[in-house]
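K.L.:
The file below is input-v9.pdb, PDB, C-alpha atoms:
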```
ATOM      1  CA  MET E   1      47.208  12.422 -43.500
ATOM      2  CA  SER E   2      47.569   9.549 -41.052
ATOM      3  CA  GLY E   3      50.077   9.438 -38.237
ATOM      4  CA  SER E   4      50.748  11.346 -35.067
ATOM      5  CA  VAL E   5      51.423  15.056 -34.931
ATOM      6  CA  LEU E   6      53.774  14.507 -31.990
ATOM      7  CA  PHE E   7      55.932  11.652 -33.244
ATOM      8  CA  ASP E   8      57.363  10.743 -36.641
ATOM      9  CA  ALA E   9      56.275   7.410 -38.062
ATOM     10  CA  PRO E  10      59.078   4.831 -37.697
ATOM     11  CA  GLY E  11      61.038   4.114 -40.851
ATOM     12  CA  PRO E  12      61.980   0.698 -42.236
ATOM     13  CA  ARG E  13      65.088   0.360 -40.053
ATOM     14  CA  ALA E  14      63.213   1.370 -36.915
ATOM     15  CA  ARG E  15      60.415  -1.098 -37.680
ATOM     16  CA  ARG E  16      62.934  -3.907 -38.195
ATOM     17  CA  ARG E  17      64.620  -3.008 -34.942
ATOM     18  CA  MET E  18      61.287  -3.072 -33.135
ATOM     19  CA  VAL E  19      60.503  -6.494 -34.593
ATOM     20  CA  TRP E  20      63.845  -7.900 -33.395
ATOM     21  CA  VAL E  21      63.366  -6.386 -29.920
ATOM     22  CA  ASN E  22      59.904  -7.969 -29.680
ATOM     23  CA  VAL E  23      61.251 -11.329 -30.839
ATOM     24  CA  ALA E  24      64.097 -11.188 -28.300
ATOM     25  CA  ALA E  25      61.698 -10.249 -25.472
ATOM     26  CA  THR E  26      59.369 -13.107 -26.444
ATOM     27  CA  VAL E  27      62.253 -15.573 -26.436
ATOM     28  CA  VAL E  28      63.359 -14.392 -22.980
ATOM     29  CA  VAL E  29      59.836 -14.677 -21.544
ATOM     30  CA  VAL E  30      59.323 -18.141 -23.053
ATOM     31  CA  GLY E  31      62.733 -19.220 -21.752
ATOM     32  CA  ILE E  32      61.870 -18.093 -18.211
ATOM     33  CA  ALA E  33      58.531 -19.919 -18.401
ATOM     34  CA  VAL E  34      60.173 -23.133 -19.617
ATOM     35  CA  TYR E  35      62.827 -22.912 -16.899
ATOM     36  CA  ALA E  36      60.114 -22.423 -14.246
ATOM     37  CA  LEU E  37      58.202 -25.441 -15.570
ATOM     38  CA  VAL E  38      61.349 -27.560 -15.469
ATOM     39  CA  LEU E  39      61.955 -26.597 -11.844
ATOM     40  CA  LEU E  40      58.329 -27.307 -10.926
ATOM     41  CA  ASN E  41      58.496 -30.671 -12.656
ATOM     42  CA  GLY E  42      61.645 -31.507 -10.742
ATOM     43  CA  LYS E  43      59.785 -30.791  -7.498
ATOM     44  CA  GLY E  44      56.843 -32.932  -8.581
ATOM     45  CA  GLN E  45      54.467 -29.969  -8.830
ATOM     46  CA  LEU E  46      53.288 -30.963 -12.322
ATOM     47  CA  ASP E  47      52.159 -34.449 -11.325
ATOM     48  CA  SER E  48      48.628 -35.252 -12.404
ATOM     49  CA  ASP E  49      47.731 -36.350  -8.872
ATOM     50  CA  LEU E  50      48.048 -32.724  -7.741
ATOM     51  CA  TRP E  51      46.031 -31.252 -10.604
ATOM     52  CA  ALA E  52      43.246 -33.829 -10.965
ATOM     53  CA  PRO E  53      41.350 -32.807  -7.774
ATOM     54  CA  LEU E  54      40.965 -29.269  -9.160
ATOM     55  CA  PHE E  55      38.736 -30.478 -11.983
ATOM     56  CA  THR E  56      36.220 -32.383  -9.912
ATOM     57  CA  VAL E  57      32.613 -31.354  -9.313
ATOM     58  CA  SER E  58      33.240 -31.100  -5.580
ATOM     59  CA  ALA E  59      36.122 -28.653  -6.006
ATOM     60  CA  TRP E  60      34.037 -26.213  -8.011
ATOM     61  CA  GLN E  61      30.714 -26.738  -6.296
ATOM     62  CA  ASP E  62      32.046 -26.468  -2.752
ATOM     63  CA  TYR E  63      34.997 -24.080  -3.152
ATOM     64  CA  PHE E  64      35.700 -22.206  -6.380
ATOM     65  CA  LEU E  65      32.177 -21.269  -7.471
ATOM     66  CA  PRO E  66      31.061 -20.101  -3.985
ATOM     67  CA  GLY E  67      34.289 -18.127  -3.686
ATOM     68  CA  LEU E  68      33.802 -16.627  -7.146
ATOM     69  CA  ARG E  69      30.229 -15.679  -6.263
ATOM     70  CA  GLN E  70      31.374 -13.871  -3.120
ATOM     71  CA  THR E  71      34.083 -12.093  -5.119
ATOM     72  CA  LEU E  72      31.594 -10.905  -7.724
ATOM     73  CA  VAL E  73      29.099  -9.795  -5.054
ATOM     74  CA  ALA E  74      31.706  -7.687  -3.247
ATOM     75  CA  ALA E  75      33.075  -6.282  -6.510
ATOM     76  CA  GLY E  76      29.610  -5.488  -7.905
ATOM     77  CA  LEU E  77      28.448  -3.687  -4.774
ATOM     78  CA  SER E  78      31.736  -1.794  -4.543
ATOM     79  CA  ILE E  79      31.599  -0.692  -8.179
ATOM     80  CA  VAL E  80      28.107   0.766  -7.726
ATOM     81  CA  THR E  81      28.809   2.499  -4.418
ATOM     82  CA  ALA E  82      32.238   3.740  -5.543
ATOM     83  CA  GLY E  83      30.656   5.155  -8.700
ATOM     84  CA  VAL E  84      28.061   7.081  -6.679
ATOM     85  CA  PHE E  85      30.737   8.281  -4.222
ATOM     86  CA  GLY E  86      33.040   9.342  -7.051
ATOM     87  CA  PHE E  87      30.311  11.187  -8.926
ATOM     88  CA  LEU E  88      29.168  13.136  -5.875
ATOM     89  CA  PHE E  89      32.609  14.078  -4.621
ATOM     90  CA  GLY E  90      33.854  14.703  -8.146
ATOM     91  CA  LEU E  91      31.099  17.277  -8.521
ATOM     92  CA  GLY E  92      32.009  18.594  -5.072
ATOM     93  CA  ARG E  93      35.600  19.176  -6.166
ATOM     94  CA  LEU E  94      34.277  21.140  -9.142
ATOM     95  CA  SER E  95      31.762  23.171  -7.138
ATOM     96  CA  ALA E  96      31.690  26.943  -7.327
ATOM     97  CA  SER E  97      31.690  27.016  -3.513
ATOM     98  CA  ARG E  98      35.185  27.097  -2.060
ATOM     99  CA  THR E  99      33.988  25.413   1.139
ATOM    100  CA  VAL E 100      32.471  22.492  -0.769
ATOM    101  CA  ARG E 101      35.637  22.167  -2.868
ATOM    102  CA  MET E 102      37.856  22.106   0.226
ATOM    103  CA  VAL E 103      35.713  19.570   2.091
ATOM    104  CA  SER E 104      35.387  17.326  -0.953
ATOM    105  CA  GLY E 105      39.086  17.614  -1.711
ATOM    106  CA  GLY E 106      40.019  16.752   1.872
ATOM    107  CA  VAL E 107      37.794  13.655   1.872
ATOM    108  CA  VAL E 108      39.074  12.465  -1.503
ATOM    109  CA  GLU E 109      42.755  12.999  -0.715
ATOM    110  CA  PHE E 110      42.426  11.324   2.694
ATOM    111  CA  PHE E 111      40.832   8.140   1.417
ATOM    112  CA  ARG E 112      43.175   7.991  -1.576
ATOM    113  CA  ALA E 113      46.121   8.037   0.807
ATOM    114  CA  VAL E 114      44.918   5.299   3.186
ATOM    115  CA  PRO E 115      45.641   1.711   2.041
ATOM    116  CA  VAL E 116      42.552  -0.350   1.273
ATOM    117  CA  LEU E 117      43.560  -3.145   3.656
ATOM    118  CA  ILE E 118      43.845  -0.742   6.587
ATOM    119  CA  MET E 119      40.328   0.549   5.922
ATOM    120  CA  MET E 120      38.948  -2.993   5.707
ATOM    121  CA  VAL E 121      40.572  -3.969   9.002
ATOM    122  CA  PHE E 122      39.399  -0.710  10.628
ATOM    123  CA  PHE E 123      35.769  -1.279   9.667
ATOM    124  CA  TYR E 124      36.016  -4.942  10.642
ATOM    125  CA  MET E 125      37.154  -3.906  14.132
ATOM    126  CA  ALA E 126      35.005  -0.776  14.534
ATOM    127  CA  ILE E 127      31.588  -1.769  13.197
ATOM    128  CA  PRO E 128      30.895  -4.429  15.876
ATOM    129  CA  ARG E 129      31.208  -1.716  18.528
ATOM    130  CA  LEU E 130      28.266   0.089  16.919
ATOM    131  CA  ASP E 131      26.145  -3.070  16.714
ATOM    132  CA  LEU E 132      24.813  -2.110  13.284
ATOM    133  CA  VAL E 133      25.657  -5.215  11.248
ATOM    134  CA  SER E 134      25.134  -8.895  11.934
ATOM    135  CA  PRO E 135      28.359 -10.903  12.438
ATOM    136  CA  GLN E 136      27.840 -12.954   9.262
ATOM    137  CA  ASP E 137      27.550  -9.786   7.144
ATOM    138  CA  LEU E 138      30.444  -7.971   8.809
ATOM    139  CA  PRO E 139      33.241  -9.171   6.452
ATOM    140  CA  LEU E 140      31.248  -8.232   3.329
ATOM    141  CA  VAL E 141      30.319  -4.799   4.689
ATOM    142  CA  SER E 142      33.934  -4.119   5.693
ATOM    143  CA  VAL E 143      35.253  -5.131   2.260
ATOM    144  CA  VAL E 144      32.673  -3.038   0.403
ATOM    145  CA  LEU E 145      33.264   0.030   2.587
ATOM    146  CA  GLY E 146      37.022  -0.148   2.147
ATOM    147  CA  LEU E 147      36.788  -0.596  -1.619
ATOM    148  CA  THR E 148      34.114   2.094  -1.928
ATOM    149  CA  LEU E 149      36.028   4.806  -0.100
ATOM    150  CA  TYR E 150      39.344   4.198  -1.841
ATOM    151  CA  ASN E 151      38.109   3.585  -5.376
ATOM    152  CA  GLY E 152      35.363   6.186  -5.064
ATOM    153  CA  SER E 153      38.066   8.738  -4.300
ATOM    154  CA  VAL E 154      39.944   7.635  -7.402
ATOM    155  CA  PHE E 155      36.756   7.975  -9.468
ATOM    156  CA  ALA E 156      36.221  11.470  -8.052
ATOM    157  CA  GLU E 157      39.702  12.462  -9.145
ATOM    158  CA  LEU E 158      39.059  11.001 -12.602
ATOM    159  CA  VAL E 159      35.895  13.095 -12.891
ATOM    160  CA  ARG E 160      37.719  16.245 -11.797
ATOM    161  CA  SER E 161      40.674  15.764 -14.134
ATOM    162  CA  GLY E 162      38.402  14.736 -17.004
ATOM    163  CA  VAL E 163      36.318  17.902 -16.712
ATOM    164  CA  HIS E 164      39.416  20.088 -16.480
ATOM    165  CA  ASN E 165      40.780  18.526 -19.675
ATOM    166  CA  LEU E 166      37.665  19.394 -21.685
ATOM    167  CA  PRO E 167      37.831  22.349 -24.083
ATOM    168  CA  GLN E 168      36.816  25.575 -22.359
ATOM    169  CA  GLY E 169      34.226  26.152 -25.057
ATOM    170  CA  GLN E 170      32.060  23.348 -23.683
ATOM    171  CA  ARG E 171      31.262  25.273 -20.506
ATOM    172  CA  GLU E 172      30.993  28.580 -22.328
ATOM    173  CA  ALA E 173      28.478  27.123 -24.772
ATOM    174  CA  ALA E 174      26.408  25.648 -21.942
ATOM    175  CA  LEU E 175      26.362  28.953 -20.068
ATOM    176  CA  ALA E 176      25.516  30.805 -23.280
ATOM    177  CA  ILE E 177      22.292  28.824 -23.762
ATOM    178  CA  GLY E 178      21.146  29.630 -20.231
ATOM    179  CA  LEU E 179      22.400  26.713 -18.150
ATOM    180  CA  ARG E 180      23.744  27.452 -14.700
ATOM    181  CA  ARG E 181      27.189  26.163 -13.769
ATOM    182  CA  PRO E 182      25.884  23.150 -11.754
ATOM    183  CA  GLN E 183      23.661  22.231 -14.705
ATOM    184  CA  SER E 184      26.585  22.604 -17.095
ATOM    185  CA  LEU E 185      28.658  20.252 -14.960
ATOM    186  CA  ARG E 186      25.912  17.666 -14.544
ATOM    187  CA  LEU E 187      24.467  17.712 -18.068
ATOM    188  CA  VAL E 188      27.368  18.691 -20.341
ATOM    189  CA  GLU E 189      30.824  18.432 -18.838
ATOM    190  CA  VAL E 190      30.730  15.388 -16.560
ATOM    191  CA  PRO E 191      29.124  13.060 -19.160
ATOM    192  CA  GLN E 192      31.822  13.991 -21.676
ATOM    193  CA  ALA E 193      34.537  13.611 -19.050
ATOM    194  CA  VAL E 194      33.294  10.133 -18.109
ATOM    195  CA  ILE E 195      33.365   9.062 -21.750
ATOM    196  CA  ALA E 196      36.916  10.356 -22.129
ATOM    197  CA  MET E 197      38.025   8.597 -18.944
ATOM    198  CA  LEU E 198      36.433   5.204 -19.740
ATOM    199  CA  PRO E 199      39.822   3.467 -20.221
ATOM    200  CA  ALA E 200      40.988   4.668 -16.797
ATOM    201  CA  ILE E 201      37.650   3.718 -15.264
ATOM    202  CA  ALA E 202      37.963   0.227 -16.760
ATOM    203  CA  SER E 203      41.399  -0.134 -15.197
ATOM    204  CA  GLN E 204      39.953   0.854 -11.829
ATOM    205  CA  LEU E 205      37.195  -1.738 -12.152
ATOM    206  CA  VAL E 206      39.899  -4.361 -12.549
ATOM    207  CA  VAL E 207      41.588  -2.991  -9.424
ATOM    208  CA  ILE E 208      38.324  -3.317  -7.482
ATOM    209  CA  LEU E 209      37.907  -6.923  -8.542
ATOM    210  CA  LYS E 210      41.466  -7.835  -7.608
ATOM    211  CA  ASP E 211      41.359  -5.998  -4.287
ATOM    212  CA  THR E 212      38.452  -8.127  -3.118
ATOM    213  CA  ALA E 213      41.159 -10.739  -2.447
ATOM    214  CA  LEU E 214      42.286  -8.568   0.477
ATOM    215  CA  GLY E 215      39.066  -9.561   2.199
ATOM    216  CA  ALA E 216      40.643 -12.929   3.024
ATOM    217  CA  ILE E 217      42.531 -11.121   5.799
ATOM    218  CA  ILE E 218      39.227 -10.364   7.558
ATOM    219  CA  THR E 219      37.712 -13.818   6.897
ATOM    220  CA  TYR E 220      35.686 -12.838   3.837
ATOM    221  CA  PRO E 221      35.187 -16.101   1.846
ATOM    222  CA  GLU E 222      36.156 -14.811  -1.588
ATOM    223  CA  LEU E 223      37.851 -16.749  -4.397
ATOM    224  CA  LEU E 224      41.423 -16.551  -3.081
ATOM    225  CA  ALA E 225      40.372 -17.697   0.378
ATOM    226  CA  ALA E 226      38.397 -20.571  -1.146
ATOM    227  CA  ALA E 227      41.397 -21.628  -3.231
ATOM    228  CA  ARG E 228      43.663 -21.564  -0.189
ATOM    229  CA  ARG E 229      41.221 -23.678   1.815
ATOM    230  CA  PHE E 230      40.945 -26.230  -0.960
ATOM    231  CA  GLY E 231      44.685 -26.353  -1.516
ATOM    232  CA  SER E 232      45.451 -26.719   2.177
ATOM    233  CA  GLY E 233      43.019 -29.602   2.488
ATOM    234  CA  ASN E 234      44.300 -31.451  -0.575
ATOM    235  CA  GLY E 235      48.007 -30.672  -0.359
ATOM    236  CA  ASN E 236      48.054 -28.788  -3.692
ATOM    237  CA  ILE E 237      47.870 -25.146  -2.676
ATOM    238  CA  LEU E 238      50.122 -23.998  -5.541
ATOM    239  CA  GLN E 239      47.849 -25.621  -8.099
ATOM    240  CA  ALA E 240      44.726 -24.207  -6.449
ATOM    241  CA  LEU E 241      46.185 -20.706  -6.499
ATOM    242  CA  VAL E 242      47.070 -21.093 -10.177
ATOM    243  CA  VAL E 243      43.438 -21.946 -10.957
ATOM    244  CA  ALA E 244      42.250 -18.932  -8.947
ATOM    245  CA  ALA E 245      44.713 -16.716 -10.816
ATOM    246  CA  VAL E 246      43.420 -17.974 -14.173
ATOM    247  CA  VAL E 247      39.846 -17.200 -13.120
ATOM    248  CA  PHE E 248      40.854 -13.672 -12.047
ATOM    249  CA  ILE E 249      42.694 -13.114 -15.339
ATOM    250  CA  ALA E 250      39.688 -14.281 -17.368
ATOM    251  CA  ILE E 251      37.242 -12.017 -15.523
ATOM    252  CA  ASN E 252      39.578  -9.014 -15.701
ATOM    253  CA  TRP E 253      40.054  -9.611 -19.430
ATOM    254  CA  LEU E 254      36.298  -9.686 -19.936
ATOM    255  CA  LEU E 255      35.901  -6.466 -17.930
ATOM    256  CA  THR E 256      38.561  -4.730 -20.005
ATOM    257  CA  ARG E 257      37.058  -5.894 -23.312
ATOM    258  CA  LEU E 258      33.596  -4.782 -22.187
ATOM    259  CA  ALA E 259      34.859  -1.324 -21.235
ATOM    260  CA  GLU E 260      36.758  -0.993 -24.523
ATOM    261  CA  ALA E 261      33.685  -2.020 -26.508
ATOM    262  CA  LEU E 262      31.570   0.499 -24.614
ATOM    263  CA  ALA E 263      34.152   3.241 -25.107
ATOM    264  CA  GLY E 264      34.390   2.462 -28.819
ATOM    265  CA  ARG E 265      30.631   2.479 -29.258
ATOM    266  CA  VAL E 266      30.188   5.770 -27.431
ATOM    267  CA  GLY E 267      33.250   7.243 -29.111
ATOM    268  CA  ARG E 268      31.901   6.504 -32.600
ATOM    269  CA  ARG E 269      28.733   8.407 -31.730
ATOM    270  CA  THR E 270      30.553  11.491 -30.482
ATOM    271  CA  ALA E 271      33.922  11.572 -32.291
ATOM    272  CA  GLY E 272      32.554  12.968 -35.546
ATOM    273  CA  LYS E 273      30.853  15.879 -33.843
ATOM    274  CA  ALA E 274      33.914  16.549 -31.686
ATOM    275  CA  ARG E 275      36.229  16.610 -34.699
ATOM    276  CA  ALA E 276      33.880  18.841 -36.653
ATOM    277  CA  GLU E 277      33.424  21.376 -33.867
ATOM    278  CA  ALA E 278      36.922  21.505 -32.413
ATOM    279  CA  PRO E 279      38.467  23.887 -35.006
ATOM    280  CA  SER E 280      35.754  26.497 -34.468
ATOM    281  CA  LEU E 281      36.494  26.541 -30.740
ATOM    282  CA  VAL E 282      40.137  27.314 -31.327
ATOM    283  CA  VAL E 283      40.286  29.411 -34.469
ATOM    284  CA  THR E 284      37.154  31.523 -34.433
ATOM    285  CA  ALA E 285      36.388  32.675 -30.940
ATOM    286  CA  GLY E 286      32.860  33.913 -30.582
ATOM    287  CA  VAL E 287      31.416  31.962 -33.520
ATOM    288  CA  ASP E 288      29.831  29.409 -31.189
ATOM    289  CA  ASP E 289      27.986  32.148 -29.392
ATOM    290  CA  GLN E 290      26.032  32.792 -32.575
ATOM    291  CA  ARG E 291      24.900  29.196 -32.968
ATOM    292  CA  PRO E 292      21.345  28.370 -31.923
TER     293      PRO E 292
END
```
Just give me the structure of the file as structure tokens.

P.N.:
Amino acid sequence: MSGSVLFDAPGPRARRRMVWVNVAATVVVVGIAVYALVLLNGKGQLDSDLWAPLFTVSAWQDYFLPGLRQTLVAAGLSIVTAGVFGFLFGLGRLSASRTVRMVSGGVVEFFRAVPVLIMMVFFYMAIPRLDLVSPQDLPLVSVVLGLTLYNGSVFAELVRSGVHNLPQGQREAALAIGLRRPQSLRLVEVPQAVIAMLPAIASQLVVILKDTALGAIITYPELLAAARRFGSGNGNILQALVVAAVVFIAINWLLTRLAEALAGRVGRRTAGKARAEAPSLVVTAGVDDQRP
């Protein structure tokens, strides 16, 4: 039987009401957009002279594409390093050692609480005192460190919560076949938790990409900074920012679709087994222990 076990399927009247609510909301949104366009047109912001420079070779070759490349570099490095950080500290929060759990929990909660921009500015001001990074690489390193520590802490929390939401029988089965608890976490529980948390992980990837724009504060030449430079030089900063926003939206949409496709592909491989085995974990305790 299809449908949710928590909510009744809406009846004909409820479905009609939902349709009318959606239509009304669409009309309101379209009305606001039209009103905004009318105001912009009245201010001359829709004139072709302001938009034409954005579609020249020079605009993209000298500003938007270099800025996009820097954005993708910072986001790519941050995704990799945040993933490693989150995996390690996620395992630390699940460790059997109380000391490791406390240290890992303290690190994760601290960096989750500190705003990303503050960490970027801190590293931008502190690293030169250590003379470890060349001045031209300093903005990139500061952006990546800030994004890594914050988003890695979020990933660690996703790993912890994902493992805790798994059926208890997963760990019991792993221990029953001779795996130690660290092996059970690394080989059985964490992989399943990551699969279950793929939608949340995809959302965090979008956050990483968008937060690279904060690097403009510390002179990192990412896409937003490039758009502002172009707009300031050509007197069309609003139009330049609109183009940058469209580029961000397109990339975030592609990231979300990619994560959903990956989650669907992995889910189709594992959902059948999960559905087949779940009743035995709940109804017949001890049956799994007899399986080879």

K.L.:
Counting all atoms listed in the file, figure out which residue out of E:Ala261, E:Ile118, E:Val190, E:Ala202 gets nearest to Ile218 in chain E.

P.N.:
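Among E:Ala261, E:Ile118, E:Val190, E:Ala202, it is E:Ile118 that comes nearest to Ile218 in chain E.
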
K.L.:
Decode the PyMOL selection byres ((chain E and resi 150-156) around 7) for the given file into explicit residues and return them as an MDAnalysis selection string.

P.N.:
chainID E and resid 82:83 85:87 89:90 108 111:112 116 146:149 157:160

K.L.:
Specify as a PyMOL selection string each residue included when the PyMOL selection byres ((chain E and resi 238) around 12) is applied to this file.

P.N.:
chain E and resi 40+43-46+50-51+54+224+227-232+234-237+239-245

K.L.:
Taking the file above as input, evaluate the PyMOL selection byres ((chain E and resi 65-68) around 9) and report the hits as a tab-separated table (two decimals) with C-alpha atoms, in the coordinates of the input.

P.N.:
```
chain	number	residue	atom	x	y	z
E	59	ALA	CA	36.12	-28.65	-6.01
E	60	TRP	CA	34.04	-26.21	-8.01
E	61	GLN	CA	30.71	-26.74	-6.30
E	62	ASP	CA	32.05	-26.47	-2.75
E	63	TYR	CA	35.00	-24.08	-3.15
E	64	PHE	CA	35.70	-22.21	-6.38
E	69	ARG	CA	30.23	-15.68	-6.26
E	70	GLN	CA	31.37	-13.87	-3.12
E	71	THR	CA	34.08	-12.09	-5.12
E	72	LEU	CA	31.59	-10.90	-7.72
E	73	VAL	CA	29.10	-9.80	-5.05
E	221	PRO	CA	35.19	-16.10	1.85
E	222	GLU	CA	36.16	-14.81	-1.59
E	223	LEU	CA	37.85	-16.75	-4.40
E	224	LEU	CA	41.42	-16.55	-3.08
E	225	ALA	CA	40.37	-17.70	0.38
E	226	ALA	CA	38.40	-20.57	-1.15
E	227	ALA	CA	41.40	-21.63	-3.23
E	244	ALA	CA	42.25	-18.93	-8.95
E	247	VAL	CA	39.85	-17.20	-13.12
```

K.L.:
Taking into account all atoms listed in the file, which residue in the set E:Gly76, E:Pro199, E:Pro12, E:Pro53 is nearest to Leu140 in chain E?

P.N.:
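Ranking E:Gly76, E:Pro199, E:Pro12, E:Pro53 by distance to Leu140 in chain E, first place goes to E:Gly76.
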
K.L.:
Would you work out the distance separating CA of Ser97 in chain E from CA of Val114 in chain E, expressed in Å to one decimal?

P.N.:
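Distance reported for this atom pair: 26.3 Å.
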